[in-house]
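The structure under discussion appears below in the form of structure tokens.
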Amino acid sequence: MAIPFSRPLALSQGDPAGIGPDITLMAWLRRRELGLPPFFLIGDPDVLALRARQLNLAVSIREIDRVDEATGIFADALPVMSVPVGIEVVAGEPHVATAKGTIAAIEKAVSLVIGGEALAVVTNPIAKAVLYEAGFRFPGHTEFLADLAARATGRPVTPVMMLSGPKLRAIPVTIHIPLRDVPQALTDKLVMETCRIAHEDLRQRFGIDAPRLAVAGLNPHAGETGTIGREDEDVIRPAIEHLRDEGIDAIGPLPADTMFHDEARARYDVAICMYHDQALIPAKALGFDDSVNVTLGLPFVRTSPDHGTAFGIAGKGLAREQSLVAALKLAFQLGRTWESRR
């Protein structure tokens, strides 16, 4: 199916006291230089205008009521679909009163993409502690997006978090849980489900016809045949064998300490890791400024920068927009590829 290029990306504001407004303004200013696809912000135009003044950035901001207005405006002004914050925002000073607007912006972005008006969701960083204080019941963005998708479609959704950079794609099987809880949370079913979703999304969205999955072990040296923990032999290896029987090109369990050098990375398309830091440390070390957080398994494309709100530098002209730029470009690429293969 041909892609209507007029469909812009829906970008949520994130925490308005963080660097989301900064990097949004900076990305828009470089739109021509970098060939950015059209996007519109869902957030508070007053917050954006104030931040532009603080950063001495000459950005024309124009409110829109409909998504189809965004593409025509984008060349000359940053389109903003208004979701008011409700209080005066001070850069670098998060406030619980902004949580409602932060959540509403994410919900609006998802609704517009599921409804076919926007091509993909791109999310600016949120501060989970602020949202928790307001009663937010999800561990993070990933789980909230899965719940929104399930409610919209009536089907259960298993979200898979991927860090995608120019040198490495990495997926943690378990995400935002304490390290001590990982062995109990790790099951062959979870490993297989994560790998299946990765395999399918690499095919349908990344355009890789025969994805190669490298699956890390949990323990040092992938357990040394069970002498340094049994999880690698009892959980991970049987899962990989089942996946191979299904025709998925998965290898492992591999010692994580030898998976991420140049020669090793050339042998696979994605690293499947067993816990958060096992995946995110190498991903960020190899591409901190240009890696992108991608949520697989959703009925829409979602990307985000791979960093947090950085309250300490918000409004000071120190934020870097590279990861948001990469997230916008990847969202456009994935959205186009997925639509062409559906």
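In the structure tokens, each chain is lettered A, B, ... as it comes, each chain's residues begin at 1, and ligands are numbered from 1 in order of appearance.
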
Self-check item: Secondary structure check, helix (DSSP H, G or I) residues of segment 75-280 of chain A, as a ChimeraX atom specification
Solution: /A:96-114,128-133,141-153,179-185,188-204,220-223,231-245,256-258,262-265,276-280

Taking the DSSP secondary structure from the backbone, can you list the residues of segment 144-294 of chain A that are strand (DSSP E), as a PDB file with N, CA and C atoms, in the first residue's frame?
```pdb
ATOM      1  N   VAL A 160       7.669  -5.103  23.653  1.00  0.00           N
ATOM      2  CA  VAL A 160       9.077  -5.473  23.709  1.00  0.00           C
ATOM      3  C   VAL A 160       9.900  -4.219  23.479  1.00  0.00           C
ATOM      4  N   MET A 161      10.805  -3.942  24.395  1.00  0.00           N
ATOM      5  CA  MET A 161      11.642  -2.742  24.330  1.00  0.00           C
ATOM      6  C   MET A 161      12.924  -3.034  23.569  1.00  0.00           C
ATOM      7  N   MET A 162      13.210  -2.209  22.572  1.00  0.00           N
ATOM      8  CA  MET A 162      14.451  -2.346  21.809  1.00  0.00           C
ATOM      9  C   MET A 162      15.201  -1.018  21.800  1.00  0.00           C
ATOM     10  N   LEU A 163      16.505  -1.069  22.019  1.00  0.00           N
ATOM     11  CA  LEU A 163      17.377   0.068  21.749  1.00  0.00           C
ATOM     12  C   LEU A 163      18.007  -0.167  20.385  1.00  0.00           C
ATOM     13  N   SER A 164      17.768   0.741  19.460  1.00  0.00           N
ATOM     14  CA  SER A 164      18.247   0.585  18.093  1.00  0.00           C
ATOM     15  C   SER A 164      19.196   1.710  17.747  1.00  0.00           C
ATOM     16  N   ARG A 169      21.417  -3.298  17.756  1.00  0.00           N
ATOM     17  CA  ARG A 169      20.038  -3.370  18.246  1.00  0.00           C
ATOM     18  C   ARG A 169      20.047  -4.341  19.415  1.00  0.00           C
ATOM     19  N   ALA A 170      19.460  -3.936  20.531  1.00  0.00           N
ATOM     20  CA  ALA A 170      19.474  -4.787  21.721  1.00  0.00           C
ATOM     21  C   ALA A 170      18.120  -4.752  22.406  1.00  0.00           C
ATOM     22  N   ILE A 171      17.673  -5.925  22.876  1.00  0.00           N
ATOM     23  CA  ILE A 171      16.371  -6.079  23.522  1.00  0.00           C
ATOM     24  C   ILE A 171      16.558  -6.746  24.884  1.00  0.00           C
ATOM     25  N   PRO A 172      16.038  -6.152  25.960  1.00  0.00           N
ATOM     26  CA  PRO A 172      16.021  -6.839  27.248  1.00  0.00           C
ATOM     27  C   PRO A 172      14.729  -7.658  27.397  1.00  0.00           C
ATOM     28  N   ARG A 212      18.517 -12.411  12.208  1.00  0.00           N
ATOM     29  CA  ARG A 212      19.409 -13.273  12.986  1.00  0.00           C
ATOM     30  C   ARG A 212      19.404 -12.778  14.432  1.00  0.00           C
ATOM     31  N   LEU A 213      19.006 -13.667  15.340  1.00  0.00           N
ATOM     32  CA  LEU A 213      18.897 -13.309  16.748  1.00  0.00           C
ATOM     33  C   LEU A 213      20.030 -13.958  17.542  1.00  0.00           C
ATOM     34  N   ALA A 214      20.778 -13.151  18.278  1.00  0.00           N
ATOM     35  CA  ALA A 214      21.811 -13.667  19.185  1.00  0.00           C
ATOM     36  C   ALA A 214      21.277 -13.547  20.603  1.00  0.00           C
ATOM     37  N   VAL A 215      21.134 -14.661  21.285  1.00  0.00           N
ATOM     38  CA  VAL A 215      20.495 -14.691  22.605  1.00  0.00           C
ATOM     39  C   VAL A 215      21.565 -14.833  23.679  1.00  0.00           C
ATOM     40  N   ALA A 216      21.626 -13.880  24.577  1.00  0.00           N
ATOM     41  CA  ALA A 216      22.618 -13.885  25.655  1.00  0.00           C
ATOM     42  C   ALA A 216      22.221 -14.853  26.753  1.00  0.00           C
ATOM     43  N   ASP A 249      15.879 -17.949  13.279  1.00  0.00           N
ATOM     44  CA  ASP A 249      17.336 -18.058  13.334  1.00  0.00           C
ATOM     45  C   ASP A 249      17.842 -17.449  14.640  1.00  0.00           C
ATOM     46  N   ALA A 250      17.828 -18.259  15.699  1.00  0.00           N
ATOM     47  CA  ALA A 250      18.288 -17.820  17.015  1.00  0.00           C
ATOM     48  C   ALA A 250      19.465 -18.683  17.444  1.00  0.00           C
ATOM     49  N   ILE A 251      20.497 -18.056  17.970  1.00  0.00           N
ATOM     50  CA  ILE A 251      21.657 -18.795  18.482  1.00  0.00           C
ATOM     51  C   ILE A 251      21.903 -18.416  19.936  1.00  0.00           C
ATOM     52  N   GLY A 252      22.482 -19.356  20.710  1.00  0.00           N
ATOM     53  CA  GLY A 252      22.789 -19.101  22.104  1.00  0.00           C
ATOM     54  C   GLY A 252      22.416 -20.283  22.971  1.00  0.00           C
ATOM     55  N   PRO A 253      22.471 -20.085  24.274  1.00  0.00           N
ATOM     56  CA  PRO A 253      22.839 -18.852  24.967  1.00  0.00           C
ATOM     57  C   PRO A 253      24.327 -18.552  24.836  1.00  0.00           C
ATOM     58  N   LEU A 254      24.622 -17.270  24.608  1.00  0.00           N
ATOM     59  CA  LEU A 254      25.982 -16.808  24.382  1.00  0.00           C
ATOM     60  C   LEU A 254      26.498 -16.040  25.602  1.00  0.00           C
ATOM     61  N   VAL A 270      20.082  -8.575  15.927  1.00  0.00           N
ATOM     62  CA  VAL A 270      19.619  -8.067  17.217  1.00  0.00           C
ATOM     63  C   VAL A 270      20.160  -8.963  18.326  1.00  0.00           C
ATOM     64  N   ALA A 271      20.524  -8.333  19.430  1.00  0.00           N
ATOM     65  CA  ALA A 271      20.943  -9.064  20.625  1.00  0.00           C
ATOM     66  C   ALA A 271      19.756  -9.150  21.583  1.00  0.00           C
ATOM     67  N   ILE A 272      19.397 -10.368  21.961  1.00  0.00           N
ATOM     68  CA  ILE A 272      18.328 -10.595  22.931  1.00  0.00           C
ATOM     69  C   ILE A 272      19.008 -10.812  24.289  1.00  0.00           C
ATOM     70  N   CYS A 273      18.791  -9.884  25.198  1.00  0.00           N
ATOM     71  CA  CYS A 273      19.470  -9.907  26.493  1.00  0.00           C
ATOM     72  C   CYS A 273      18.474 -10.239  27.599  1.00  0.00           C
ATOM     73  N   VAL A 292      17.950   4.848  19.565  1.00  0.00           N
ATOM     74  CA  VAL A 292      16.519   5.131  19.664  1.00  0.00           C
ATOM     75  C   VAL A 292      15.847   4.001  20.436  1.00  0.00           C
ATOM     76  N   ASN A 293      14.933   4.364  21.307  1.00  0.00           N
ATOM     77  CA  ASN A 293      14.109   3.389  22.006  1.00  0.00           C
ATOM     78  C   ASN A 293      12.899   3.081  21.116  1.00  0.00           C
ATOM     79  N   VAL A 294      12.737   1.820  20.743  1.00  0.00           N
ATOM     80  CA  VAL A 294      11.623   1.394  19.889  1.00  0.00           C
ATOM     81  C   VAL A 294      10.800   0.364  20.659  1.00  0.00           C
TER      82      VAL A 294
END
```

Quiz item: Using only C-alpha atoms, which residues sit within 12 Å of Thr142 of chain A once same-chain residues fewer than 6 positions away are excluded, as number ranges by chain?
Solution: A: 106, 123, 125-126, 128, 148-149, 157-162, 175-176, 293-298, 302-304

Expected file contents, prior selection, N, CA, C and O atoms, as a tab-separated table (two decimals), in the first residue's frame:
```tsv
chain	number	residue	atom	x	y	z
A	106	ILE	N	0.30	11.66	25.65
A	106	ILE	CA	0.62	10.31	25.16
A	106	ILE	C	-0.65	9.64	24.64
A	106	ILE	O	-0.66	9.03	23.57
A	123	THR	N	7.79	9.74	21.35
A	123	THR	CA	7.54	10.26	22.70
A	123	THR	C	8.78	10.92	23.27
A	123	THR	O	9.87	10.35	23.25
A	125	PRO	N	10.88	12.34	26.62
A	125	PRO	CA	11.09	11.65	27.90
A	125	PRO	C	10.11	12.09	28.99
A	125	PRO	O	9.75	13.27	29.09
A	126	ILE	N	9.71	11.13	29.80
A	126	ILE	CA	8.86	11.39	30.96
A	126	ILE	C	9.65	11.14	32.24
A	126	ILE	O	10.67	10.45	32.22
A	128	LYS	N	9.17	9.28	35.54
A	128	LYS	CA	8.25	8.30	36.13
A	128	LYS	C	7.90	8.64	37.57
A	128	LYS	O	6.77	8.43	38.00
A	148	LEU	N	-2.71	1.08	26.42
A	148	LEU	CA	-3.52	1.90	25.51
A	148	LEU	C	-3.85	1.12	24.24
A	148	LEU	O	-4.98	1.18	23.74
A	149	ALA	N	-2.88	0.38	23.73
A	149	ALA	CA	-3.11	-0.41	22.51
A	149	ALA	C	-4.13	-1.50	22.75
A	149	ALA	O	-5.02	-1.74	21.91
A	157	VAL	N	-1.66	-7.20	24.35
A	157	VAL	CA	-0.44	-6.74	23.69
A	157	VAL	C	0.75	-7.04	24.59
A	157	VAL	O	0.71	-6.76	25.80
A	158	THR	N	1.78	-7.63	24.03
A	158	THR	CA	3.03	-7.84	24.76
A	158	THR	C	4.08	-6.88	24.20
A	158	THR	O	4.54	-7.05	23.07
A	159	PRO	N	4.44	-5.85	24.96
A	159	PRO	CA	5.41	-4.88	24.44
A	159	PRO	C	6.83	-5.40	24.61
A	159	PRO	O	7.16	-6.05	25.59
A	160	VAL	N	7.67	-5.10	23.65
A	160	VAL	CA	9.08	-5.47	23.71
A	160	VAL	C	9.90	-4.22	23.48
A	160	VAL	O	9.71	-3.52	22.48
A	161	MET	N	10.81	-3.94	24.40
A	161	MET	CA	11.64	-2.74	24.33
A	161	MET	C	12.92	-3.03	23.57
A	161	MET	O	13.62	-4.00	23.87
A	162	MET	N	13.21	-2.21	22.57
A	162	MET	CA	14.45	-2.35	21.81
A	162	MET	C	15.20	-1.02	21.80
A	162	MET	O	14.60	0.03	21.61
A	175	ILE	N	12.54	-6.14	32.00
A	175	ILE	CA	12.85	-4.70	31.85
A	175	ILE	C	13.00	-4.02	33.20
A	175	ILE	O	14.05	-4.08	33.82
A	176	HIS	N	11.95	-3.38	33.67
A	176	HIS	CA	12.06	-2.53	34.85
A	176	HIS	C	11.72	-3.29	36.12
A	176	HIS	O	10.71	-3.03	36.78
A	293	ASN	N	14.93	4.36	21.31
A	293	ASN	CA	14.11	3.39	22.01
A	293	ASN	C	12.90	3.08	21.12
A	293	ASN	O	12.15	3.99	20.76
A	294	VAL	N	12.74	1.82	20.74
A	294	VAL	CA	11.62	1.39	19.89
A	294	VAL	C	10.80	0.36	20.66
A	294	VAL	O	11.36	-0.56	21.25
A	295	THR	N	9.49	0.52	20.66
A	295	THR	CA	8.63	-0.48	21.28
A	295	THR	C	8.08	-1.40	20.20
A	295	THR	O	7.32	-0.97	19.33
A	296	LEU	N	8.48	-2.66	20.27
A	296	LEU	CA	7.97	-3.68	19.35
A	296	LEU	C	6.71	-4.31	19.92
A	296	LEU	O	6.40	-4.18	21.10
A	297	GLY	N	5.96	-4.98	19.07
A	297	GLY	CA	4.78	-5.71	19.53
A	297	GLY	C	3.51	-4.89	19.60
A	297	GLY	O	2.45	-5.42	19.93
A	298	LEU	N	3.59	-3.60	19.30
A	298	LEU	CA	2.41	-2.74	19.33
A	298	LEU	C	1.74	-2.73	17.95
A	298	LEU	O	2.40	-2.97	16.94
A	302	ARG	N	6.19	3.06	17.49
A	302	ARG	CA	6.54	4.04	18.52
A	302	ARG	C	8.05	4.06	18.72
A	302	ARG	O	8.69	3.02	18.87
A	303	THR	N	8.61	5.26	18.72
A	303	THR	CA	10.02	5.45	19.03
A	303	THR	C	10.15	6.57	20.04
A	303	THR	O	9.21	7.35	20.27
A	304	SER	N	11.34	6.67	20.65
A	304	SER	CA	11.64	7.79	21.55
A	304	SER	C	13.15	7.94	21.66
A	304	SER	O	13.91	7.01	21.34
```

Quiz item: Out of A:Ala97, A:Pro282, A:Val47, A:Arg196, which residue has the shortest atom-to-atom distance to Arg244 of chain A when counting only C-alpha atoms?
Solution: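 Answer, going by the shortest atom-to-atom distance: A:Arg196.
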
Quiz item: Which is closest to Pro305 of chain A among A:Glu63, A:Gly14, A:Asn56, A:Asp44, if we use only C-alpha atoms?
Solution: A:Gly14

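Considering only C-alpha atoms, the residue among A:Phe74, A:Pro255, A:Glu143, A:Pro299 positioned nearest to Glu224 of chain A is A:Pro255.
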